[in-house]
>>> print(open('target-v2.cif').read())   # mmCIF, C-alpha atoms
data_run
#
loop_
_atom_site.label_atom_id
_atom_site.label_comp_id
_atom_site.auth_asym_id
_atom_site.auth_seq_id
_atom_site.Cartn_x
_atom_site.Cartn_y
_atom_site.Cartn_z
CA MET D 1 -68.71 168.21 -131.76
CA GLN D 2 -71.02 166.27 -129.46
CA LYS D 3 -74.59 167.61 -129.37
CA ASP D 4 -76.00 168.70 -126.03
CA THR D 5 -78.92 166.37 -125.23
CA LEU D 6 -78.42 166.29 -121.44
CA PHE D 7 -81.90 167.59 -120.64
CA SER D 8 -83.79 166.23 -123.65
CA ALA D 9 -85.53 163.37 -121.80
CA PRO D 10 -87.59 163.83 -118.62
CA ILE D 11 -85.37 163.55 -115.55
CA GLU D 12 -87.25 162.15 -112.54
CA LYS D 13 -85.07 163.77 -109.89
CA LEU D 14 -83.33 166.86 -111.16
CA GLY D 15 -80.17 167.47 -109.15
CA ASP D 16 -78.07 170.62 -109.18
CA PHE D 17 -76.14 171.34 -112.36
CA THR D 18 -72.53 170.07 -112.19
CA PHE D 19 -69.65 170.28 -114.66
CA ASP D 20 -69.25 166.53 -114.89
CA GLU D 21 -68.04 164.22 -117.67
CA SER D 22 -71.23 164.49 -119.75
CA VAL D 23 -71.34 168.32 -119.49
CA ALA D 24 -67.64 168.60 -120.37
CA GLU D 25 -68.17 166.46 -123.47
CA ALA D 26 -71.15 168.46 -124.79
CA PHE D 27 -69.90 171.85 -123.51
CA PRO D 28 -68.97 173.60 -126.80
CA ASP D 29 -72.39 172.81 -128.30
CA MET D 30 -74.17 173.74 -125.04
CA ILE D 31 -72.40 177.11 -124.81
CA GLN D 32 -72.93 178.11 -128.44
CA ARG D 33 -76.64 177.31 -128.24
CA SER D 34 -77.20 178.72 -124.74
CA ILE D 35 -75.18 181.94 -124.44
CA PRO D 36 -75.99 184.66 -126.98
CA GLY D 37 -72.85 186.38 -128.21
CA TYR D 38 -70.45 183.83 -126.69
CA SER D 39 -68.16 183.61 -129.74
CA ASN D 40 -68.01 187.45 -129.93
CA ILE D 41 -66.92 187.58 -126.28
CA ILE D 42 -64.21 184.96 -126.85
CA THR D 43 -62.89 186.85 -129.89
CA ALA D 44 -62.91 190.16 -128.01
CA ILE D 45 -61.04 188.62 -125.04
CA GLY D 46 -58.21 188.00 -127.51
CA MET D 47 -58.43 191.63 -128.71
CA LEU D 48 -58.28 192.86 -125.10
CA ALA D 49 -55.28 190.61 -124.46
CA GLU D 50 -53.49 192.27 -127.38
CA ARG D 51 -54.00 195.65 -125.68
CA PHE D 52 -53.46 194.81 -122.02
CA VAL D 53 -51.08 191.86 -121.71
CA THR D 54 -47.52 193.03 -121.03
CA ALA D 55 -44.14 191.32 -121.19
CA ASN D 56 -42.96 189.38 -118.12
CA SER D 57 -46.45 188.95 -116.68
CA ASN D 58 -49.10 186.30 -116.06
CA VAL D 59 -52.61 185.86 -117.47
CA TYR D 60 -55.17 183.95 -115.38
CA ASP D 61 -58.25 182.27 -116.86
CA LEU D 62 -60.34 181.45 -113.79
CA GLY D 63 -62.90 178.76 -114.56
CA CYS D 64 -61.21 178.04 -117.87
CA SER D 65 -63.52 175.09 -118.82
CA ARG D 66 -62.26 173.70 -122.15
CA GLY D 67 -59.91 176.62 -122.81
CA ALA D 68 -61.69 178.83 -125.38
CA ALA D 69 -60.65 182.09 -123.68
CA THR D 70 -57.14 180.78 -122.96
CA LEU D 71 -56.58 179.94 -126.63
CA SER D 72 -58.02 183.30 -127.75
CA VAL D 73 -55.57 185.10 -125.46
CA ARG D 74 -52.63 182.98 -126.52
CA ARG D 75 -53.25 183.73 -130.21
CA ASN D 76 -53.01 187.45 -129.45
CA ILE D 77 -49.94 187.66 -127.21
CA HIS D 78 -46.96 189.29 -128.88
CA HIS D 79 -44.74 189.88 -125.86
CA SER D 80 -41.99 187.75 -124.37
CA ASN D 81 -42.07 185.87 -121.08
CA VAL D 82 -45.86 185.74 -120.68
CA LYS D 83 -47.46 182.72 -119.02
CA ILE D 84 -51.15 181.78 -119.10
CA ILE D 85 -52.53 179.91 -116.10
CA GLY D 86 -55.95 178.29 -116.52
CA ILE D 87 -57.79 176.97 -113.47
CA ASP D 88 -60.94 174.87 -113.24
CA ASN D 89 -62.29 172.64 -110.47
CA SER D 90 -63.79 170.14 -112.93
CA GLN D 91 -61.33 167.35 -113.76
CA PRO D 92 -63.15 166.41 -117.01
CA MET D 93 -62.93 170.05 -118.17
CA VAL D 94 -59.25 170.28 -117.23
CA GLU D 95 -58.39 167.11 -119.17
CA ARG D 96 -60.09 168.42 -122.32
CA CYS D 97 -58.57 171.85 -121.86
CA ARG D 98 -55.06 170.37 -121.71
CA GLN D 99 -55.76 168.42 -124.92
CA HIS D 100 -56.96 171.56 -126.72
CA VAL D 101 -54.01 173.64 -125.57
CA THR D 102 -51.46 171.05 -126.74
CA ALA D 103 -53.26 170.68 -130.10
CA TYR D 104 -52.21 174.21 -131.12
CA HIS D 105 -48.55 175.11 -131.35
CA SER D 106 -47.45 178.30 -129.60
CA ASP D 107 -44.37 179.65 -127.85
CA VAL D 108 -46.57 181.02 -125.04
CA PRO D 109 -46.53 178.55 -122.13
CA VAL D 110 -49.90 177.50 -120.68
CA GLU D 111 -50.41 175.70 -117.38
CA ILE D 112 -53.84 174.19 -116.66
CA LEU D 113 -54.56 173.41 -113.01
CA CYS D 114 -57.41 171.47 -111.44
CA ASP D 115 -58.14 173.57 -108.37
CA ASP D 116 -60.66 175.84 -106.66
CA ILE D 117 -60.14 179.41 -107.94
CA ARG D 118 -60.74 180.67 -104.39
CA HIS D 119 -57.54 178.93 -103.25
CA VAL D 120 -55.18 179.97 -106.05
CA GLU D 121 -52.72 182.82 -105.65
CA ILE D 122 -52.94 185.61 -108.26
CA LYS D 123 -49.65 187.43 -108.81
CA ASN D 124 -47.93 189.62 -111.39
CA ALA D 125 -51.06 189.56 -113.59
CA SER D 126 -51.65 191.85 -116.55
CA MET D 127 -55.00 190.16 -117.33
CA VAL D 128 -57.50 188.04 -115.40
CA ILE D 129 -60.55 186.40 -117.02
CA LEU D 130 -63.74 185.36 -115.24
CA ASN D 131 -65.80 184.15 -118.18
CA PHE D 132 -69.20 183.07 -116.79
CA THR D 133 -67.51 181.83 -113.61
CA LEU D 134 -68.26 184.27 -110.78
CA GLN D 135 -72.00 183.47 -111.00
CA PHE D 136 -71.28 179.90 -109.83
CA LEU D 137 -69.51 181.03 -106.65
CA PRO D 138 -71.54 181.48 -103.45
CA PRO D 139 -72.43 185.22 -103.28
CA GLU D 140 -70.59 185.58 -99.97
CA ASP D 141 -67.30 184.48 -101.62
CA ARG D 142 -67.38 186.93 -104.54
CA ILE D 143 -65.89 190.04 -102.92
CA ALA D 144 -62.96 188.06 -101.49
CA LEU D 145 -62.13 186.64 -104.93
CA LEU D 146 -62.40 190.03 -106.67
CA THR D 147 -60.23 191.62 -103.96
CA LYS D 148 -57.60 188.91 -104.47
CA ILE D 149 -57.69 189.51 -108.23
CA TYR D 150 -57.35 193.28 -107.78
CA HIS D 151 -54.29 192.89 -105.53
CA GLY D 152 -52.74 190.35 -107.91
CA LEU D 153 -53.11 192.61 -110.95
CA ASN D 154 -50.32 194.98 -111.98
CA PRO D 155 -51.17 198.68 -112.49
CA ASN D 156 -53.20 199.06 -115.76
CA GLY D 157 -54.03 195.35 -115.61
CA VAL D 158 -57.51 194.30 -116.73
CA LEU D 159 -60.20 191.99 -115.40
CA VAL D 160 -62.71 190.67 -117.96
CA LEU D 161 -65.91 189.60 -116.21
CA SER D 162 -68.62 187.89 -118.28
CA GLU D 163 -71.88 187.01 -116.52
CA LYS D 164 -75.55 186.30 -116.82
CA PHE D 165 -77.33 189.33 -115.36
CA ARG D 166 -80.44 189.88 -113.31
CA PHE D 167 -82.37 193.12 -113.76
CA GLU D 168 -83.96 195.15 -110.97
CA ASP D 169 -87.03 195.98 -113.04
CA GLU D 170 -89.14 192.81 -112.93
CA LYS D 171 -90.80 193.40 -116.32
CA VAL D 172 -87.45 193.98 -118.01
CA ASN D 173 -85.99 190.95 -116.21
CA GLU D 174 -88.85 188.71 -117.37
CA LEU D 175 -88.65 190.07 -120.95
CA LEU D 176 -84.91 189.32 -121.22
CA ILE D 177 -85.34 185.86 -119.69
CA ASN D 178 -88.08 185.12 -122.22
CA LEU D 179 -85.96 186.41 -125.12
CA HIS D 180 -83.11 184.19 -123.94
CA HIS D 181 -85.41 181.16 -123.83
CA GLN D 182 -86.64 182.05 -127.33
CA PHE D 183 -82.97 182.19 -128.43
CA LYS D 184 -82.46 178.67 -127.03
CA ARG D 185 -85.59 177.33 -128.72
CA ALA D 186 -84.40 178.86 -132.00
CA ASN D 187 -81.18 176.89 -131.50
CA GLY D 188 -83.08 173.61 -131.27
CA TYR D 189 -83.74 173.22 -127.54
CA SER D 190 -87.19 171.92 -126.60
CA GLU D 191 -89.49 173.38 -123.90
CA LEU D 192 -88.55 170.41 -121.70
CA GLU D 193 -84.83 171.05 -122.11
CA VAL D 194 -85.21 174.77 -121.37
CA SER D 195 -87.26 174.21 -118.21
CA GLN D 196 -85.17 171.29 -116.85
CA LYS D 197 -81.91 173.20 -117.40
CA ARG D 198 -83.39 176.25 -115.65
CA THR D 199 -84.37 174.10 -112.65
CA ALA D 200 -80.94 172.41 -112.49
CA LEU D 201 -79.19 175.80 -112.48
CA GLU D 202 -81.45 177.48 -109.92
CA ASN D 203 -79.42 176.55 -106.83
CA VAL D 204 -75.94 176.82 -108.33
CA MET D 205 -76.13 180.02 -110.38
CA ARG D 206 -77.15 183.12 -108.46
CA THR D 207 -76.98 186.13 -110.74
CA ASP D 208 -76.29 189.79 -109.90
CA SER D 209 -77.41 193.01 -111.57
CA ILE D 210 -75.02 195.06 -113.71
CA GLU D 211 -75.20 197.80 -111.07
CA THR D 212 -74.23 195.34 -108.30
CA HIS D 213 -71.20 194.25 -110.34
CA LYS D 214 -70.15 197.84 -111.04
CA VAL D 215 -70.45 198.97 -107.41
CA ARG D 216 -68.60 195.88 -106.13
CA LEU D 217 -65.73 196.28 -108.62
CA LYS D 218 -65.39 199.99 -107.77
CA ASN D 219 -65.44 199.20 -104.03
CA VAL D 220 -62.70 196.62 -104.52
CA GLY D 221 -60.54 199.39 -106.04
CA PHE D 222 -60.85 199.25 -109.83
CA SER D 223 -60.59 202.74 -111.34
CA GLN D 224 -62.50 202.08 -114.60
CA VAL D 225 -65.44 199.70 -114.77
CA GLU D 226 -67.74 199.39 -117.79
CA LEU D 227 -70.08 197.03 -119.58
CA TRP D 228 -68.68 196.52 -123.08
CA PHE D 229 -71.00 193.81 -124.40
CA GLN D 230 -74.60 192.79 -123.76
CA CYS D 231 -77.09 190.53 -125.50
CA PHE D 232 -80.36 189.91 -123.63
CA ASN D 233 -79.42 189.01 -120.03
CA PHE D 234 -75.83 188.03 -120.84
CA GLY D 235 -72.87 190.37 -121.06
CA SER D 236 -69.26 191.16 -120.32
CA MET D 237 -67.53 193.91 -118.38
CA VAL D 238 -64.01 195.28 -118.19
CA ALA D 239 -62.41 196.58 -114.99
CA VAL D 240 -59.01 198.29 -115.15
CA LYS D 241 -56.70 198.74 -112.16
#
>>> encode(input="target-v2.cif", output="structure tokens")
Amino acid sequence: MQKDTLFSAPIEKLGDFTFDESVAEAFPDMIQRSIPGYSNIITAIGMLAERFVTANSNVYDLGCSRGAATLSVRRNIHHSNVKIIGIDNSQPMVERCRQHVTAYHSDVPVEILCDDIRHVEIKNASMVILNFTLQFLPPEDRIALLTKIYHGLNPNGVLVLSEKFRFEDEKVNELLINLHHQFKRANGYSELEVSQKRTALENVMRTDSIETHKVRLKNVGFSQVELWFQCFNFGSMVAVK
């Protein structure tokens, strides 16, 4: 696994964070060292798939990156005629995702598309995954995407939404940001790496509060919405149609 050293040297002009070739290559290491509880979330997505995925339906992994959630779902599908569709707008991610999917034998078909998730039709879905993806969409596009997902889900279908959260209470927000940075330093990131990554993400990742997510999902039409996992300012929610 390639080590993430993308921000280890001073970068004279820090541009916005993009999921380019170098990020795609170092992504597994970056995620494990940057997102507390990531492997637990991936494992639990498979457990949720076991409960919610039904025969003759589709599963969508929106912003599938290198396919961790897709593979977790596929390992836990025990019904016939289920198809998993993974979508990512980063060609380097899509290429690696296709390699990973073909490396593991399974009877469950997987299609990986390079596309913008805002342009893809969602239909006959028993499960939709947004694993740290919504936060990279412009805030004004989020309701439209969630509405499309809701209408594309079958009754009792589930949306899994994992995000980095912002907290209304400034002291709590600052505490959880600091704990997250401490987590990254404990995983070998330097002060320079932490600060440069934060700057690069500032314009492309605009986070919402848990309450904002809950209200928005309820307004879209989901009957049950709950936070099921949280570690510092990262977490995952389930919304059931």
>>> resolve_selection(input="target-v2.cif", expression="the PyMOL selection byres ((chain D and resi 66-74) around 8)", output="list in words")
Ala24, Phe27, Ile42, Thr43, Ile45, Gly46, Met47, Ala49, Glu50, Asp61, Cys64, Ser65, Arg75, Asn76, Ile77, Ile84, Gly86, Met93, Val94, Arg96, Cys97, Arg98, His100, Val101, Ser106, Val108, Ile129 and Asn131 of chain D
>>> write_last_selection(input="target-v2.cif", atoms="C-alpha atoms", output="CSV table (one decimal), in the frame of the given file")
chain,number,residue,atom,x,y,z
D,24,ALA,CA,-67.6,168.6,-120.4
D,27,PHE,CA,-69.9,171.8,-123.5
D,42,ILE,CA,-64.2,185.0,-126.8
D,43,THR,CA,-62.9,186.8,-129.9
D,45,ILE,CA,-61.0,188.6,-125.0
D,46,GLY,CA,-58.2,188.0,-127.5
D,47,MET,CA,-58.4,191.6,-128.7
D,49,ALA,CA,-55.3,190.6,-124.5
D,50,GLU,CA,-53.5,192.3,-127.4
D,61,ASP,CA,-58.2,182.3,-116.9
D,64,CYS,CA,-61.2,178.0,-117.9
D,65,SER,CA,-63.5,175.1,-118.8
D,75,ARG,CA,-53.2,183.7,-130.2
D,76,ASN,CA,-53.0,187.4,-129.4
D,77,ILE,CA,-49.9,187.7,-127.2
D,84,ILE,CA,-51.2,181.8,-119.1
D,86,GLY,CA,-56.0,178.3,-116.5
D,93,MET,CA,-62.9,170.0,-118.2
D,94,VAL,CA,-59.2,170.3,-117.2
D,96,ARG,CA,-60.1,168.4,-122.3
D,97,CYS,CA,-58.6,171.8,-121.9
D,98,ARG,CA,-55.1,170.4,-121.7
D,100,HIS,CA,-57.0,171.6,-126.7
D,101,VAL,CA,-54.0,173.6,-125.6
D,106,SER,CA,-47.4,178.3,-129.6
D,108,VAL,CA,-46.6,181.0,-125.0
D,129,ILE,CA,-60.6,186.4,-117.0
D,131,ASN,CA,-65.8,184.2,-118.2
>>> closest_residue(input="target-v2.cif", among="D:His78, D:Arg33, D:Arg206, D:Lys148", to="D:Val128", atoms="all atoms listed in the file")
D:Lys148
>>> residues_around(input="target-v2.cif", residues="D:Thr207", least_positions_apart="3", cutoff="8 Å", atoms="only C-alpha atoms", output="PDB file with C-alpha atoms, in the frame of the given file")
ATOM      1  CA  GLN D 135     -72.000 183.470-111.000  1.00  0.00           C
ATOM      2  CA  GLU D 163     -71.880 187.010-116.520  1.00  0.00           C
ATOM      3  CA  LYS D 164     -75.550 186.300-116.820  1.00  0.00           C
ATOM      4  CA  PHE D 165     -77.330 189.330-115.360  1.00  0.00           C
ATOM      5  CA  ARG D 166     -80.440 189.880-113.310  1.00  0.00           C
TER       6      ARG D 166
END
>>> resolve_selection(input="target-v2.cif", expression="the PyMOL selection byres ((chain D and resi 160) around 12)", output="ChimeraX atom specification")
/D:41-42,44-49,52,59-62,69,73,126-134,146,149-150,157-159,161-163,213,217,222,224-229,235-241
>>> atom_distance(input="target-v2.cif", atom1="atom CA of D:Asn40", atom2="atom CA of D:Asp169")
26.8 Å
>>> residues_near_point(input="target-v2.cif", point="(-89.5, 183.4, -122.4)", cutoff="12 Å", atoms="only C-alpha atoms", output="JSON, numbers by chain")
{"D": [171, 172, 173, 174, 175, 176, 177, 178, 179, 180, 181, 182, 183, 184, 185, 186, 191, 194, 195, 198, 232, 233]}
>>> atom_distance(input="target-v2.cif", atom1="atom CA of D:Glu168", atom2="atom CA of D:Phe136")
19.9 Å
>>> closest_residue(input="target-v2.cif", among="D:Pro155, D:His79, D:Ile35, D:Met30", to="D:Cys231", atoms="all atoms listed in the file")
D:Ile35
>>> atom_distance(input="target-v2.cif", atom1="atom CA of D:Asp141", atom2="atom CA of D:Gly63")
14.8 Å
>>> residues_around(input="target-v2.cif", residues="D:Ile117", least_positions_apart="4", cutoff="9 Å", atoms="all atoms listed in the file", output="number ranges by chain")
D: 62-63, 87-89, 121, 145
>>> build_atoms(input="target-v2.cif", residues="stretch 217-228 of chain D", atoms="all heavy atoms", output="CSV table (one decimal), keeping the file's coordinate frame")
chain,number,residue,atom,x,y,z
D,217,LEU,N,-67.1,196.1,-108.0
D,217,LEU,CA,-65.7,196.3,-108.6
D,217,LEU,C,-65.1,197.6,-108.2
D,217,LEU,O,-63.9,197.7,-108.0
D,217,LEU,CB,-65.8,196.1,-110.1
D,217,LEU,CG,-66.1,194.7,-110.6
D,217,LEU,CD1,-66.6,194.7,-112.1
D,217,LEU,CD2,-64.9,193.8,-110.5
D,218,LYS,N,-65.9,198.7,-108.2
D,218,LYS,CA,-65.4,200.0,-107.8
D,218,LYS,C,-64.9,199.9,-106.3
D,218,LYS,O,-63.9,200.5,-105.9
D,218,LYS,CB,-66.5,201.1,-108.0
D,218,LYS,CG,-66.7,201.5,-109.4
D,218,LYS,CD,-65.8,202.7,-109.8
D,218,LYS,CE,-65.9,203.0,-111.3
D,218,LYS,NZ,-67.1,203.7,-111.7
D,219,ASN,N,-65.8,199.3,-105.5
D,219,ASN,CA,-65.4,199.2,-104.0
D,219,ASN,C,-64.2,198.4,-103.8
D,219,ASN,O,-63.4,198.7,-102.8
D,219,ASN,CB,-66.6,198.6,-103.3
D,219,ASN,CG,-67.8,199.5,-103.1
D,219,ASN,OD1,-67.7,200.7,-103.3
D,219,ASN,ND2,-68.9,198.9,-102.8
D,220,VAL,N,-63.9,197.4,-104.6
D,220,VAL,CA,-62.7,196.6,-104.5
D,220,VAL,C,-61.5,197.5,-104.9
D,220,VAL,O,-60.4,197.2,-104.4
D,220,VAL,CB,-62.8,195.4,-105.4
D,220,VAL,CG1,-61.5,194.7,-105.7
D,220,VAL,CG2,-63.7,194.3,-104.8
D,221,GLY,N,-61.7,198.5,-105.7
D,221,GLY,CA,-60.5,199.4,-106.0
D,221,GLY,C,-60.3,199.7,-107.5
D,221,GLY,O,-59.5,200.5,-107.9
D,222,PHE,N,-61.0,199.0,-108.4
D,222,PHE,CA,-60.8,199.2,-109.8
D,222,PHE,C,-61.2,200.7,-110.2
D,222,PHE,O,-62.2,201.2,-109.7
D,222,PHE,CB,-61.7,198.3,-110.7
D,222,PHE,CG,-61.1,196.9,-110.7
D,222,PHE,CD1,-61.7,195.9,-109.8
D,222,PHE,CD2,-60.1,196.5,-111.5
D,222,PHE,CE1,-61.1,194.6,-109.8
D,222,PHE,CE2,-59.6,195.2,-111.5
D,222,PHE,CZ,-60.1,194.3,-110.6
D,223,SER,N,-60.4,201.3,-111.0
D,223,SER,CA,-60.6,202.7,-111.3
D,223,SER,C,-61.6,202.9,-112.5
D,223,SER,O,-62.4,203.8,-112.5
D,223,SER,CB,-59.3,203.4,-111.7
D,223,SER,OG,-58.6,202.7,-112.7
D,224,GLN,N,-61.5,202.0,-113.5
D,224,GLN,CA,-62.5,202.1,-114.6
D,224,GLN,C,-63.3,200.8,-114.7
D,224,GLN,O,-62.7,199.7,-114.7
D,224,GLN,CB,-61.8,202.3,-115.9
D,224,GLN,CG,-61.3,203.7,-116.2
D,224,GLN,CD,-59.8,203.8,-116.1
D,224,GLN,OE1,-59.1,202.9,-116.5
D,224,GLN,NE2,-59.3,205.0,-115.7
D,225,VAL,N,-64.6,200.9,-114.7
D,225,VAL,CA,-65.4,199.7,-114.8
D,225,VAL,C,-66.5,200.0,-115.8
D,225,VAL,O,-67.2,201.0,-115.7
D,225,VAL,CB,-66.1,199.4,-113.4
D,225,VAL,CG1,-67.0,198.2,-113.5
D,225,VAL,CG2,-65.0,199.1,-112.3
D,226,GLU,N,-66.7,199.1,-116.8
D,226,GLU,CA,-67.7,199.4,-117.8
D,226,GLU,C,-68.2,198.1,-118.4
D,226,GLU,O,-67.5,197.1,-118.6
D,226,GLU,CB,-67.2,200.4,-118.9
D,226,GLU,CG,-68.3,201.0,-119.6
D,226,GLU,CD,-69.5,201.6,-118.8
D,226,GLU,OE1,-69.3,202.6,-118.1
D,226,GLU,OE2,-70.5,200.9,-118.7
D,227,LEU,N,-69.5,198.1,-118.8
D,227,LEU,CA,-70.1,197.0,-119.6
D,227,LEU,C,-69.7,197.3,-121.0
D,227,LEU,O,-69.9,198.4,-121.6
D,227,LEU,CB,-71.6,197.1,-119.4
D,227,LEU,CG,-72.4,196.0,-120.2
D,227,LEU,CD1,-72.3,194.7,-119.5
D,227,LEU,CD2,-73.9,196.5,-120.2
D,228,TRP,N,-69.1,196.3,-121.7
D,228,TRP,CA,-68.7,196.5,-123.1
D,228,TRP,C,-69.5,195.7,-124.1
D,228,TRP,O,-69.5,195.9,-125.2
D,228,TRP,CB,-67.2,196.3,-123.3
D,228,TRP,CG,-66.8,194.8,-123.0
D,228,TRP,CD1,-66.4,194.3,-121.9
D,228,TRP,CD2,-66.7,193.8,-124.0
D,228,TRP,NE1,-66.1,192.9,-122.0
D,228,TRP,CE2,-66.3,192.6,-123.3
D,228,TRP,CE3,-67.0,193.7,-125.4
D,228,TRP,CZ2,-66.2,191.4,-124.0
D,228,TRP,CZ3,-66.9,192.5,-126.0
D,228,TRP,CH2,-66.5,191.3,-125.3
